[in-house]
>>> print(open('model.cif').read())   # mmCIF, C-alpha atoms
data_query
loop_
_atom_site.label_atom_id
_atom_site.label_comp_id
_atom_site.auth_asym_id
_atom_site.auth_seq_id
_atom_site.Cartn_x
_atom_site.Cartn_y
_atom_site.Cartn_z
CA MET G 1490 111.68 -118.42 -0.95
CA ASN G 1491 110.97 -119.10 2.70
CA LYS G 1492 110.89 -122.86 3.07
CA GLN G 1493 108.64 -122.74 6.12
CA SER G 1494 105.97 -120.55 4.48
CA ILE G 1495 102.54 -121.96 3.70
CA PRO G 1496 102.69 -121.39 -0.09
CA TYR G 1497 106.05 -123.17 -0.32
CA THR G 1498 104.78 -126.04 1.83
CA MET G 1499 101.74 -126.46 -0.38
CA LEU G 1500 103.73 -126.27 -3.57
CA PHE G 1501 106.34 -128.70 -2.28
CA THR G 1502 103.75 -131.20 -1.06
CA PHE G 1503 101.90 -131.03 -4.35
CA LEU G 1504 105.01 -131.45 -6.48
CA ILE G 1505 106.53 -134.29 -4.51
CA SER G 1506 103.25 -136.22 -4.41
CA PHE G 1507 102.83 -135.67 -8.13
CA LEU G 1508 106.36 -136.87 -8.86
CA PHE G 1509 106.16 -140.06 -6.81
CA VAL G 1510 102.69 -140.99 -7.97
CA LEU G 1511 103.79 -140.43 -11.57
CA LEU G 1512 106.75 -142.76 -11.08
CA LEU G 1513 104.46 -145.35 -9.52
CA SER G 1514 102.05 -145.22 -12.43
CA PHE G 1515 104.93 -145.89 -14.80
CA ALA G 1516 106.08 -148.85 -12.70
CA HIS G 1517 102.54 -150.16 -12.56
CA GLN G 1518 101.88 -149.70 -16.28
CA GLY G 1519 105.23 -151.21 -17.16
CA THR G 1520 104.60 -154.43 -15.28
CA ALA G 1521 100.84 -154.71 -15.86
CA PRO G 1522 101.06 -157.13 -18.83
CA LEU G 1523 103.43 -159.38 -16.89
CA VAL G 1524 101.20 -159.37 -13.81
CA GLN G 1525 98.19 -160.13 -16.00
CA ARG G 1526 100.03 -163.02 -17.64
CA ASN G 1527 101.13 -164.47 -14.28
CA ARG G 1528 97.55 -164.34 -13.07
CA GLU G 1529 96.25 -166.07 -16.18
CA ILE G 1530 98.90 -168.80 -15.98
CA ALA G 1531 98.11 -169.39 -12.30
CA ARG G 1532 94.43 -169.68 -13.18
CA GLN G 1533 95.02 -172.11 -16.03
CA ARG G 1534 97.34 -174.21 -13.87
CA SER G 1535 94.70 -174.41 -11.15
CA VAL G 1536 91.96 -175.52 -13.54
CA LEU G 1537 94.25 -178.20 -14.96
CA ALA G 1538 95.32 -179.33 -11.48
CA ALA G 1539 91.69 -179.72 -10.39
CA ILE G 1540 90.94 -181.83 -13.45
CA GLY G 1541 93.93 -183.96 -12.53
CA ILE G 1542 96.52 -182.71 -15.01
CA SER G 1543 99.65 -181.63 -13.15
CA VAL G 1544 101.91 -179.45 -15.29
CA THR G 1545 104.42 -176.77 -14.35
CA GLU G 1546 105.97 -175.61 -17.63
CA GLU G 1547 104.33 -172.47 -18.96
CA GLU G 1548 104.17 -173.74 -22.55
CA GLU G 1549 102.72 -177.03 -21.41
CA ILE G 1550 100.10 -175.26 -19.29
CA ARG G 1551 98.99 -173.15 -22.25
CA ARG G 1552 98.86 -176.12 -24.58
CA ARG G 1553 96.89 -178.37 -22.23
CA PHE G 1554 94.55 -175.56 -21.23
CA SER G 1555 93.74 -174.80 -24.85
CA GLU G 1556 92.38 -178.35 -25.10
CA VAL G 1557 89.90 -177.67 -22.31
CA GLU G 1558 86.49 -176.56 -23.51
CA GLN G 1559 84.87 -173.50 -21.91
CA LEU G 1560 81.09 -173.27 -21.62
CA GLU G 1561 78.78 -170.54 -20.39
CA ARG G 1562 75.94 -171.91 -18.27
CA GLU G 1563 73.55 -169.85 -16.14
CA GLY G 1564 76.05 -167.01 -16.05
CA MET G 1565 78.86 -169.30 -14.90
CA THR G 1566 81.91 -170.45 -16.77
CA LEU G 1567 82.37 -174.21 -16.74
CA PHE G 1568 85.39 -176.04 -18.03
CA ARG G 1569 84.79 -179.37 -19.76
CA SER G 1570 87.46 -181.91 -20.47
CA GLU G 1571 87.80 -185.59 -21.27
CA VAL G 1572 89.94 -187.40 -18.70
CA GLU G 1573 90.51 -191.13 -19.14
CA GLY G 1574 87.43 -191.42 -21.31
CA ARG G 1575 85.16 -189.59 -18.86
CA THR G 1576 83.71 -186.12 -19.15
CA VAL G 1577 84.80 -183.87 -16.30
CA TYR G 1578 83.44 -180.45 -15.40
CA ALA G 1579 85.43 -177.88 -13.48
CA LYS G 1580 84.25 -174.61 -12.02
CA GLU G 1581 86.03 -171.72 -10.37
CA PHE G 1582 84.66 -170.70 -7.02
CA SER G 1583 85.07 -168.08 -4.35
CA GLY G 1584 83.61 -168.31 -0.86
CA ALA G 1585 84.01 -166.88 2.61
CA GLY G 1586 86.83 -168.28 4.72
CA LEU G 1587 87.82 -167.30 8.24
CA TRP G 1588 89.90 -164.19 7.46
CA GLY G 1589 89.04 -163.57 3.84
CA PRO G 1590 87.77 -165.17 0.67
CA ILE G 1591 88.92 -168.62 -0.39
CA SER G 1592 89.00 -169.10 -4.13
CA GLY G 1593 89.79 -172.17 -6.13
CA VAL G 1594 88.61 -174.71 -8.67
CA LEU G 1595 86.46 -177.78 -8.09
CA ALA G 1596 86.19 -180.56 -10.68
CA VAL G 1597 83.51 -183.26 -10.75
CA ARG G 1598 82.52 -186.07 -13.09
CA SER G 1599 79.74 -185.19 -15.51
CA ASP G 1600 77.44 -187.80 -13.92
CA LEU G 1601 78.07 -186.13 -10.53
CA GLU G 1602 78.92 -189.50 -9.00
CA ARG G 1603 82.34 -188.40 -7.81
CA THR G 1604 84.48 -185.34 -7.40
CA VAL G 1605 87.62 -185.31 -9.50
CA GLY G 1606 89.79 -182.80 -7.70
CA LEU G 1607 90.15 -179.55 -5.83
CA GLU G 1608 92.65 -176.76 -6.22
CA ILE G 1609 92.97 -173.70 -3.98
CA VAL G 1610 93.99 -170.57 -5.88
CA ASP G 1611 93.94 -167.96 -3.17
CA GLN G 1612 93.27 -167.89 0.56
CA ASN G 1613 94.15 -165.82 3.61
CA GLU G 1614 93.60 -168.49 6.27
CA THR G 1615 95.90 -168.75 9.29
CA PRO G 1616 99.27 -169.99 8.03
CA GLY G 1617 99.97 -173.49 9.32
CA LEU G 1618 96.38 -174.03 10.45
CA GLY G 1619 93.60 -173.10 8.03
CA GLY G 1620 96.29 -172.38 5.48
CA ARG G 1621 96.89 -176.12 5.30
CA ILE G 1622 93.90 -176.47 2.95
CA THR G 1623 96.43 -175.74 0.20
CA GLU G 1624 98.46 -178.82 1.15
CA GLN G 1625 98.37 -181.86 -1.05
CA TRP G 1626 96.88 -184.22 1.55
CA PHE G 1627 93.86 -181.96 1.97
CA LYS G 1628 93.25 -181.50 -1.74
CA ASP G 1629 93.82 -185.20 -2.41
CA GLN G 1630 90.81 -185.99 -0.26
CA LEU G 1631 88.67 -184.67 -3.11
CA ARG G 1632 90.41 -186.94 -5.62
CA ASP G 1633 87.77 -189.50 -6.75
CA LEU G 1634 85.59 -188.98 -3.70
CA ARG G 1635 82.06 -190.32 -4.00
CA ILE G 1636 79.38 -187.65 -3.79
CA VAL G 1637 76.79 -188.90 -1.30
CA ASP G 1638 73.30 -187.31 -1.26
CA GLY G 1639 74.49 -184.67 -3.65
CA THR G 1640 77.16 -183.29 -1.35
CA VAL G 1641 80.54 -183.71 0.32
CA ARG G 1642 80.70 -183.39 4.09
CA VAL G 1643 83.44 -182.52 6.53
CA GLY G 1644 83.77 -185.43 8.96
CA PRO G 1645 83.16 -185.15 12.72
CA PRO G 1646 86.12 -184.14 14.90
CA GLY G 1647 88.46 -186.85 16.11
CA GLU G 1648 87.51 -189.40 13.47
CA GLY G 1649 89.68 -189.64 10.43
CA THR G 1650 88.23 -191.00 7.23
CA THR G 1651 90.22 -192.39 4.34
CA ASP G 1652 87.23 -194.09 2.75
CA LYS G 1653 86.61 -192.60 -0.69
CA GLU G 1654 83.04 -194.00 -0.74
CA ASP G 1655 81.52 -192.21 2.27
CA GLY G 1656 81.50 -188.69 0.82
CA MET G 1657 83.40 -187.30 3.78
CA ILE G 1658 86.65 -185.43 4.13
CA ASP G 1659 88.77 -184.76 7.21
CA ALA G 1660 88.79 -181.33 8.80
CA VAL G 1661 92.09 -179.59 9.49
CA THR G 1662 93.13 -179.82 13.14
CA GLY G 1663 93.05 -176.42 14.80
CA ALA G 1664 91.13 -174.91 11.91
CA THR G 1665 87.50 -175.69 12.63
CA ARG G 1666 86.16 -172.50 11.08
CA THR G 1667 88.17 -172.90 7.88
CA SER G 1668 87.08 -176.54 7.62
CA GLU G 1669 83.45 -175.55 8.04
CA SER G 1670 83.88 -172.90 5.36
CA MET G 1671 85.32 -175.48 2.99
CA GLY G 1672 82.35 -177.76 3.71
CA THR G 1673 79.93 -174.96 2.89
CA ILE G 1674 81.79 -174.01 -0.26
CA LEU G 1675 82.02 -177.59 -1.56
CA HIS G 1676 78.34 -178.24 -0.85
CA ARG G 1677 77.30 -175.08 -2.69
CA GLU G 1678 79.61 -175.59 -5.64
CA ILE G 1679 78.47 -179.18 -6.25
CA ARG G 1680 74.87 -177.88 -6.30
CA ARG G 1681 75.77 -175.16 -8.75
CA ILE G 1682 77.58 -177.46 -11.11
CA ALA G 1683 74.65 -179.90 -10.92
CA GLU G 1684 72.21 -177.15 -11.84
CA ALA G 1685 74.34 -175.95 -14.69
CA VAL G 1686 75.03 -179.40 -16.05
CA GLY G 1687 71.57 -180.81 -15.29
CA GLU G 1688 70.11 -178.75 -18.08
CA GLU G 1689 72.52 -180.11 -20.54
CA ILE G 1690 72.25 -183.81 -19.81
CA MET P 1464 129.33 -142.01 13.97
CA SER P 1465 130.07 -141.29 10.35
CA ASN P 1466 132.33 -144.28 9.85
CA THR P 1467 130.75 -147.27 8.19
CA GLY P 1468 132.08 -149.91 10.59
CA ALA P 1469 130.68 -148.13 13.62
CA ILE P 1470 127.25 -147.78 11.96
CA LEU P 1471 127.28 -151.46 11.06
CA LYS P 1472 128.13 -152.63 14.57
CA ASP P 1473 125.65 -150.22 16.08
CA ASN P 1474 122.74 -151.29 13.90
CA LEU P 1475 123.47 -155.01 14.02
CA TRP P 1476 124.28 -155.19 17.70
CA THR P 1477 124.50 -152.36 20.24
CA SER P 1478 121.31 -150.68 19.07
CA ASN P 1479 119.75 -153.48 17.04
CA PRO P 1480 116.28 -152.25 16.05
CA ILE P 1481 114.53 -155.37 17.30
CA PHE P 1482 116.15 -156.42 20.53
CA MET P 1483 117.52 -153.10 21.73
CA GLN P 1484 114.99 -150.61 20.40
CA ILE P 1485 112.06 -153.08 20.30
CA LEU P 1486 110.86 -151.72 16.95
CA GLY P 1487 109.19 -153.64 14.14
CA ILE P 1488 107.74 -156.23 16.47
CA CYS P 1489 104.44 -156.75 14.62
CA SER P 1490 106.10 -158.20 11.56
CA ALA P 1491 108.51 -160.18 13.75
CA LEU P 1492 105.43 -161.97 15.06
CA ALA P 1493 103.47 -162.23 11.85
CA VAL P 1494 105.81 -163.33 9.09
CA THR P 1495 108.33 -165.54 10.83
CA ASN P 1496 106.81 -168.99 10.48
CA LEU P 1497 108.46 -169.78 7.14
CA LEU P 1498 112.07 -168.91 6.29
CA VAL P 1499 111.42 -168.16 2.62
CA ASN P 1500 108.71 -165.60 3.40
CA THR P 1501 110.83 -164.05 6.14
CA MET P 1502 113.82 -163.81 3.82
CA ILE P 1503 111.91 -162.04 1.04
CA MET P 1504 110.06 -159.79 3.46
CA THR P 1505 113.25 -158.71 5.27
CA LEU P 1506 115.08 -158.15 1.97
CA GLY P 1507 112.18 -155.87 1.12
CA VAL P 1508 112.67 -154.03 4.40
CA VAL P 1509 116.43 -153.66 3.76
CA PHE P 1510 115.73 -152.21 0.33
CA VAL P 1511 113.00 -149.86 1.53
CA THR P 1512 114.94 -148.65 4.57
CA ALA P 1513 118.09 -147.99 2.55
CA MET P 1514 116.33 -146.27 -0.36
CA SER P 1515 113.96 -144.19 1.73
CA SER P 1516 116.79 -143.03 4.02
CA PHE P 1517 118.82 -142.16 0.94
CA THR P 1518 115.96 -140.21 -0.63
CA VAL P 1519 115.01 -138.41 2.56
CA SER P 1520 118.63 -137.37 3.08
CA LEU P 1521 118.91 -136.23 -0.53
CA ILE P 1522 115.97 -133.83 -0.36
CA LYS P 1523 116.09 -132.98 3.34
CA GLN P 1524 117.01 -129.34 2.65
CA LEU P 1525 113.88 -128.90 0.55
CA ILE P 1526 111.36 -130.45 2.94
CA PRO P 1527 109.41 -127.90 5.02
CA ARG P 1528 109.53 -128.90 8.70
CA LYS P 1529 105.75 -128.93 9.07
CA VAL P 1530 105.24 -131.70 6.53
CA ARG P 1531 108.50 -133.54 7.24
CA MET P 1532 106.97 -136.75 8.53
CA ILE P 1533 104.20 -137.01 5.99
CA VAL P 1534 106.76 -136.60 3.21
CA GLN P 1535 108.86 -139.36 4.75
CA THR P 1536 105.79 -141.57 4.82
CA LEU P 1537 105.13 -140.79 1.16
CA ILE P 1538 108.68 -141.75 0.22
CA ILE P 1539 108.52 -144.97 2.25
CA ALA P 1540 105.15 -145.89 0.74
CA PHE P 1541 106.57 -145.26 -2.72
CA TYR P 1542 109.39 -147.76 -2.27
CA VAL P 1543 107.12 -150.33 -0.63
CA ILE P 1544 104.74 -150.21 -3.58
CA ILE P 1545 107.71 -150.60 -5.92
CA VAL P 1546 108.69 -153.77 -4.04
CA ASP P 1547 105.12 -155.01 -4.22
CA VAL P 1548 104.88 -154.36 -7.95
CA LEU P 1549 108.20 -156.10 -8.62
CA LEU P 1550 107.21 -159.16 -6.58
CA ARG P 1551 103.87 -159.39 -8.32
CA ALA P 1552 105.49 -159.22 -11.74
CA TYR P 1553 108.56 -161.39 -11.22
CA LEU P 1554 107.91 -163.61 -8.19
CA PRO P 1555 104.13 -164.19 -8.28
CA ASP P 1556 104.19 -167.24 -5.98
CA ILE P 1557 106.06 -165.43 -3.22
CA SER P 1558 103.89 -162.37 -3.71
CA ARG P 1559 100.84 -164.55 -3.10
CA ALA P 1560 102.40 -166.16 -0.03
CA LEU P 1561 103.30 -162.81 1.55
CA GLY P 1562 99.87 -161.39 0.82
CA PRO P 1563 99.22 -158.18 2.74
CA TYR P 1564 102.55 -158.23 4.59
CA VAL P 1565 104.48 -156.48 1.82
CA GLY P 1566 102.13 -153.52 2.01
CA LEU P 1567 102.53 -153.54 5.77
CA ILE P 1568 106.26 -152.83 5.43
CA ILE P 1569 105.08 -149.19 5.30
CA THR P 1570 104.05 -149.42 8.94
CA ASN P 1571 107.40 -150.81 10.06
CA CYS P 1572 108.62 -148.32 12.67
CA ILE P 1573 112.28 -149.03 11.91
CA ILE P 1574 112.08 -147.33 8.51
CA MET P 1575 110.44 -144.17 9.78
CA GLY P 1576 112.76 -144.26 12.78
CA ARG P 1577 115.89 -144.26 10.63
CA ALA P 1578 114.57 -141.58 8.30
CA GLU P 1579 113.78 -139.33 11.23
CA ALA P 1580 116.74 -140.12 13.49
CA PHE P 1581 119.55 -140.47 10.98
CA ALA P 1582 118.71 -139.44 7.41
CA GLN P 1583 117.40 -136.01 8.44
CA SER P 1584 120.85 -134.99 9.66
CA ASN P 1585 123.33 -137.04 7.63
CA PRO P 1586 124.57 -137.19 4.00
CA PRO P 1587 122.76 -139.50 1.50
CA LEU P 1588 125.26 -142.35 1.22
CA ALA P 1589 125.80 -142.65 4.96
CA SER P 1590 122.00 -142.64 5.35
CA ALA P 1591 121.57 -145.41 2.80
CA TRP P 1592 124.19 -147.46 4.63
CA ASP P 1593 122.54 -146.77 7.97
CA GLY P 1594 119.19 -147.83 6.53
CA ALA P 1595 120.56 -151.02 4.99
CA THR P 1596 122.38 -152.07 8.16
CA SER P 1597 119.31 -151.40 10.28
CA GLY P 1598 117.47 -153.67 7.86
CA PHE P 1599 120.17 -156.31 8.30
CA GLY P 1600 119.87 -156.10 12.07
CA TYR P 1601 116.15 -156.67 11.69
CA MET P 1602 116.74 -159.48 9.22
CA ALA P 1603 119.19 -161.30 11.50
CA VAL P 1604 116.71 -161.46 14.37
CA LEU P 1605 113.74 -162.40 12.19
CA LEU P 1606 115.63 -165.17 10.42
CA THR P 1607 116.71 -166.61 13.76
CA ILE P 1608 113.09 -166.69 14.93
CA ALA P 1609 111.91 -168.10 11.60
CA PHE P 1610 114.58 -170.80 11.72
CA VAL P 1611 113.30 -172.13 15.04
CA ARG P 1612 109.63 -171.72 14.11
CA GLU P 1613 109.86 -173.44 10.75
CA LEU P 1614 112.05 -176.23 12.13
CA PHE P 1615 109.66 -177.16 14.94
CA GLY P 1616 106.42 -175.97 13.36
CA PHE P 1617 106.80 -177.75 10.03
CA GLY P 1618 109.92 -179.92 10.37
CA THR P 1619 111.39 -178.13 7.36
CA LEU P 1620 113.99 -175.45 6.57
CA PHE P 1621 113.43 -173.26 3.50
CA GLY P 1622 110.75 -175.80 2.56
CA TYR P 1623 113.06 -178.82 2.67
CA GLN P 1624 112.18 -181.62 5.04
CA VAL P 1625 114.96 -181.91 7.63
CA LEU P 1626 113.28 -183.65 10.53
CA PRO P 1627 112.10 -187.28 10.15
CA ASP P 1628 108.50 -187.98 9.16
CA ALA P 1629 107.82 -189.32 12.65
CA PHE P 1630 108.31 -185.78 14.02
CA GLU P 1631 105.02 -184.29 15.16
CA PRO P 1632 104.96 -180.55 14.29
CA TRP P 1633 104.37 -178.20 17.23
CA ILE P 1634 101.30 -176.14 16.40
CA ILE P 1635 102.39 -173.46 18.90
CA MET P 1636 105.39 -172.72 16.70
CA VAL P 1637 103.12 -171.95 13.76
CA THR P 1638 100.98 -169.47 15.67
CA PRO P 1639 102.15 -165.97 16.65
CA PRO P 1640 102.54 -166.63 20.42
CA SER P 1641 105.67 -168.71 19.80
CA ALA P 1642 107.32 -165.64 18.28
CA PHE P 1643 106.64 -163.79 21.55
CA PHE P 1644 108.52 -166.45 23.52
CA LEU P 1645 111.37 -166.64 21.02
CA LEU P 1646 111.71 -162.89 20.80
CA GLY P 1647 111.76 -162.70 24.60
CA ILE P 1648 114.51 -165.31 24.73
CA ILE P 1649 116.53 -163.48 22.07
CA ILE P 1650 116.25 -160.16 23.94
CA TRP P 1651 117.28 -161.93 27.14
CA ILE P 1652 120.34 -163.57 25.55
CA GLY P 1653 121.32 -160.37 23.74
CA LYS P 1654 121.11 -158.22 26.85
CA THR P 1655 122.95 -160.77 28.97
CA ILE P 1656 125.89 -160.88 26.56
CA MET P 1657 125.87 -157.11 26.30
CA ASN P 1658 125.95 -156.67 30.07
CA ARG P 1659 128.83 -159.07 30.30
CA GLU P 1660 130.73 -157.03 27.75
CA GLY P 1661 130.16 -154.03 29.97
CA ALA P 1662 128.28 -152.07 27.29
CA PRO P 1663 125.49 -149.78 28.50
CA ALA P 1664 122.33 -151.84 28.68
#
>>> encode(input="model.cif", output="structure tokens")
Amino acid sequence: MNKQSIPYTMLFTFLISFLFVLLLSFAHQGTAPLVQRNREIARQRSVLAAIGISVTEEEEIRRRFSEVEQLEREGMTLFRSEVEGRTVYAKEFSGAGLWGPISGVLAVRSDLERTVGLEIVDQNETPGLGGRITEQWFKDQLRDLRIVDGTVRVGPPGEGTTDKEDGMIDAVTGATRTSESMGTILHREIRRIAEAVGEEI
Amino acid sequence: MSNTGAILKDNLWTSNPIFMQILGICSALAVTNLLVNTMIMTLGVVFVTAMSSFTVSLIKQLIPRKVRMIVQTLIIAFYVIIVDVLLRAYLPDISRALGPYVGLIITNCIIMGRAEAFAQSNPPLASAWDGATSGFGYMAVLLTIAFVRELFGFGTLFGYQVLPDAFEPWIIMVTPPSAFFLLGIIIWIGKTIMNREGAPA
């Protein structure tokens, strides 16, 4: 058969596409359960981290996560847990960042007096700038921070704040837009948790 | 050019894809601020370049000339997706850190360049070797850039703190422009040495 003819070209293109796509589907199907499990573990670890439980072992993550209660409120899933004798609520969130969505988990005390912790699950911010929201120092700012006027604010540029009572967190230098996004997300998520929990209390 | 030593020297040095052919520059700018990410990404490129060159060479007699390049693209995309699937299943943390860059290996000109320039007219094993060594040439340059960028941008190497805490990270090193300067310097040094050796510049 003439290899430059149109029928051969069409047949060849069809067959080779079919073959490679078939192989890809096998690869995808074969690893799908593993990918799903990784995703679930990452999610459970984030929820636990936000509540303040830091675990890395897979077994430990599963065990501790199974102790966390899951509630459905206003179409949202809330996680409820007892930490040091206090009830803590955690909620997964997703909001707009600079380059793409930022998703994570925010945990607050049930009386909404203080935040308990923040964990970032996924983000596409500029590495080294906005991407630093995943660093411990940034997340630790939400550890036991007082919620003032029902929100958490990002502090003004140039002034650092280490006071846990003023309801303010530091922005990331060189990442104004990402910091603003985080401010918006935190504000909105605290509201949402308040609405969801407010009905219950 | 069929002997393995000559191919190795050619791809690592005299016609290094990055500093002699100036190919694959986008990823040299984008993924070189952390050594770990650079390492995984360039290993992916080595794998994809070697395997796609091998495959193209294997079926080159069957490919109609009209659809030659689109078939090469299909083969390259196939291997890139395989890398992506494997990372997602077995190295989820690195997969998350690399984000869209794994998929963008497809657009790396080096791979297409080797398939078209070498694999189309050489036997499969020599093509695989040519692809792998081209990948190594790319890897060597990217790791050098990443070494400098991570060291001064974060004060770490492969994530381990090596510079004292008092060191103030250089934000320029974290952002893509620093890779432009470093790449320029590497091309300059490379060409200078090459001219001194009397090789054709």
>>> interface_residues(input="model.cif", of="chain P", to="chain G", cutoff="9 Å", atoms="only C-alpha atoms", output="list in words")
Asn1496, Gln1524, Leu1525, Ile1526, Pro1527, Arg1528, Lys1529, Val1530, Val1534, Leu1537, Ile1538, Phe1541, Ile1544, Ile1545, Val1548, Leu1549, Arg1551, Ala1552, Tyr1553, Pro1555, Arg1559, Gly1562, Gly1616, Phe1617, Ile1634, Val1637 and Thr1638 of chain P
>>> resolve_selection(input="model.cif", expression="the PyMOL selection byres ((chain G and resi 1562) around 12)", output="ChimeraX atom specification")
/G:1559-1561,1563-1569,1578,1580,1681-1689
>>> resolve_selection(input="model.cif", expression="the PyMOL selection byres ((chain P and resi 1618) around 10)", output="PDB file with C-alpha atoms, keeping the file's coordinate frame")
ATOM      1  CA  VAL P1611     113.300-172.130  15.040  1.00  0.00           C
ATOM      2  CA  ARG P1612     109.630-171.720  14.110  1.00  0.00           C
ATOM      3  CA  GLU P1613     109.860-173.440  10.750  1.00  0.00           C
ATOM      4  CA  LEU P1614     112.050-176.230  12.130  1.00  0.00           C
ATOM      5  CA  PHE P1615     109.660-177.160  14.940  1.00  0.00           C
ATOM      6  CA  GLY P1616     106.420-175.970  13.360  1.00  0.00           C
ATOM      7  CA  PHE P1617     106.800-177.750  10.030  1.00  0.00           C
ATOM      8  CA  THR P1619     111.390-178.130   7.360  1.00  0.00           C
ATOM      9  CA  LEU P1620     113.990-175.450   6.570  1.00  0.00           C
ATOM     10  CA  GLY P1622     110.750-175.800   2.560  1.00  0.00           C
ATOM     11  CA  TYR P1623     113.060-178.820   2.670  1.00  0.00           C
ATOM     12  CA  GLN P1624     112.180-181.620   5.040  1.00  0.00           C
ATOM     13  CA  VAL P1625     114.960-181.910   7.630  1.00  0.00           C
ATOM     14  CA  LEU P1626     113.280-183.650  10.530  1.00  0.00           C
ATOM     15  CA  PRO P1627     112.100-187.280  10.150  1.00  0.00           C
ATOM     16  CA  ASP P1628     108.500-187.980   9.160  1.00  0.00           C
ATOM     17  CA  ALA P1629     107.820-189.320  12.650  1.00  0.00           C
ATOM     18  CA  PHE P1630     108.310-185.780  14.020  1.00  0.00           C
ATOM     19  CA  GLU P1631     105.020-184.290  15.160  1.00  0.00           C
ATOM     20  CA  PRO P1632     104.960-180.550  14.290  1.00  0.00           C
ATOM     21  CA  TRP P1633     104.370-178.200  17.230  1.00  0.00           C
TER      22      TRP P1633
END
>>> axis_aligned_box(input="model.cif", around="region 1624-1633 of chain P", padding_each_side="6 Å", output="JSON")
{"center_x": 109.7, "center_y": -183.8, "center_z": 11.1, "size_x": 22.6, "size_y": 23.1, "size_z": 24.2}
>>> resolve_selection(input="model.cif", expression="the PyMOL selection byres ((chain P and resi 1640) around 12)", output="JSON list (two decimals) with C-alpha atoms, keeping the file's coordinate frame")
[["chain", "number", "residue", "atom", "x", "y", "z"],
["P", 1489, "CYS", "CA", 104.44, -156.75, 14.62],
["P", 1491, "ALA", "CA", 108.51, -160.18, 13.75],
["P", 1492, "LEU", "CA", 105.43, -161.97, 15.06],
["P", 1493, "ALA", "CA", 103.47, -162.23, 11.85],
["P", 1495, "THR", "CA", 108.33, -165.54, 10.83],
["P", 1496, "ASN", "CA", 106.81, -168.99, 10.48],
["P", 1608, "ILE", "CA", 113.09, -166.69, 14.93],
["P", 1612, "ARG", "CA", 109.63, -171.72, 14.11],
["P", 1634, "ILE", "CA", 101.30, -176.14, 16.40],
["P", 1635, "ILE", "CA", 102.39, -173.46, 18.90],
["P", 1636, "MET", "CA", 105.39, -172.72, 16.70],
["P", 1637, "VAL", "CA", 103.12, -171.95, 13.76],
["P", 1638, "THR", "CA", 100.98, -169.47, 15.67],
["P", 1639, "PRO", "CA", 102.15, -165.97, 16.65],
["P", 1641, "SER", "CA", 105.67, -168.71, 19.80],
["P", 1642, "ALA", "CA", 107.32, -165.64, 18.28],
["P", 1643, "PHE", "CA", 106.64, -163.79, 21.55],
["P", 1644, "PHE", "CA", 108.52, -166.45, 23.52],
["P", 1645, "LEU", "CA", 111.37, -166.64, 21.02],
["P", 1646, "LEU", "CA", 111.71, -162.89, 20.80],
["P", 1647, "GLY", "CA", 111.76, -162.70, 24.60]]
>>> residues_around(input="model.cif", residues="Met1671 (chain G)", least_positions_apart="5", cutoff="9 Å", atoms="all atoms listed in the file", output="PyMOL selection string")
chain G and resi 1584-1586+1591+1622+1643+1660+1666+1676
>>> residues_around(input="model.cif", residues="Val1536 (chain G)", least_positions_apart="4", cutoff="7 Å", atoms="all atoms listed in the file", output="compact mmCIF listing (two decimals) with C-alpha atoms, keeping the file's coordinate frame")
# COMPACT_ATOMS: atom_id res chain seq x y z
CA ARG G 1532 94.43 -169.68 -13.18
CA ILE G 1540 90.94 -181.83 -13.45
CA ALA G 1579 85.43 -177.88 -13.48
CA VAL G 1594 88.61 -174.71 -8.67
>>> decode(input="model.cif", residues="region 1629-1635 of chain G", atoms="N, CA, C and O atoms", output="tab-separated table (two decimals), in the first residue's frame")
chain	number	residue	atom	x	y	z
G	1629	ASP	N	0.42	30.00	60.77
G	1629	ASP	CA	0.42	30.14	62.23
G	1629	ASP	C	-0.21	31.44	62.70
G	1629	ASP	O	-0.59	31.57	63.85
G	1630	GLN	N	-0.30	32.41	61.81
G	1630	GLN	CA	-0.94	33.66	62.19
G	1630	GLN	C	-2.42	33.46	62.53
G	1630	GLN	O	-3.01	34.25	63.27
G	1631	LEU	N	-3.00	32.40	61.99
G	1631	LEU	CA	-4.42	32.11	62.23
G	1631	LEU	C	-4.60	31.20	63.44
G	1631	LEU	O	-5.71	30.80	63.77
G	1632	ARG	N	-3.49	30.82	64.07
G	1632	ARG	CA	-3.54	29.97	65.25
G	1632	ARG	C	-3.99	30.84	66.43
G	1632	ARG	O	-3.29	31.79	66.81
G	1633	ASP	N	-5.21	30.58	66.98
G	1633	ASP	CA	-5.70	31.30	68.15
G	1633	ASP	C	-5.78	32.81	67.96
G	1633	ASP	O	-5.51	33.58	68.88
G	1634	LEU	N	-6.12	33.24	66.78
G	1634	LEU	CA	-6.26	34.68	66.52
G	1634	LEU	C	-7.67	35.12	66.90
G	1634	LEU	O	-8.64	34.47	66.53
G	1635	ARG	N	-7.76	36.24	67.63
G	1635	ARG	CA	-9.08	36.73	68.01
G	1635	ARG	C	-9.82	37.24	66.78
G	1635	ARG	O	-9.22	37.89	65.92
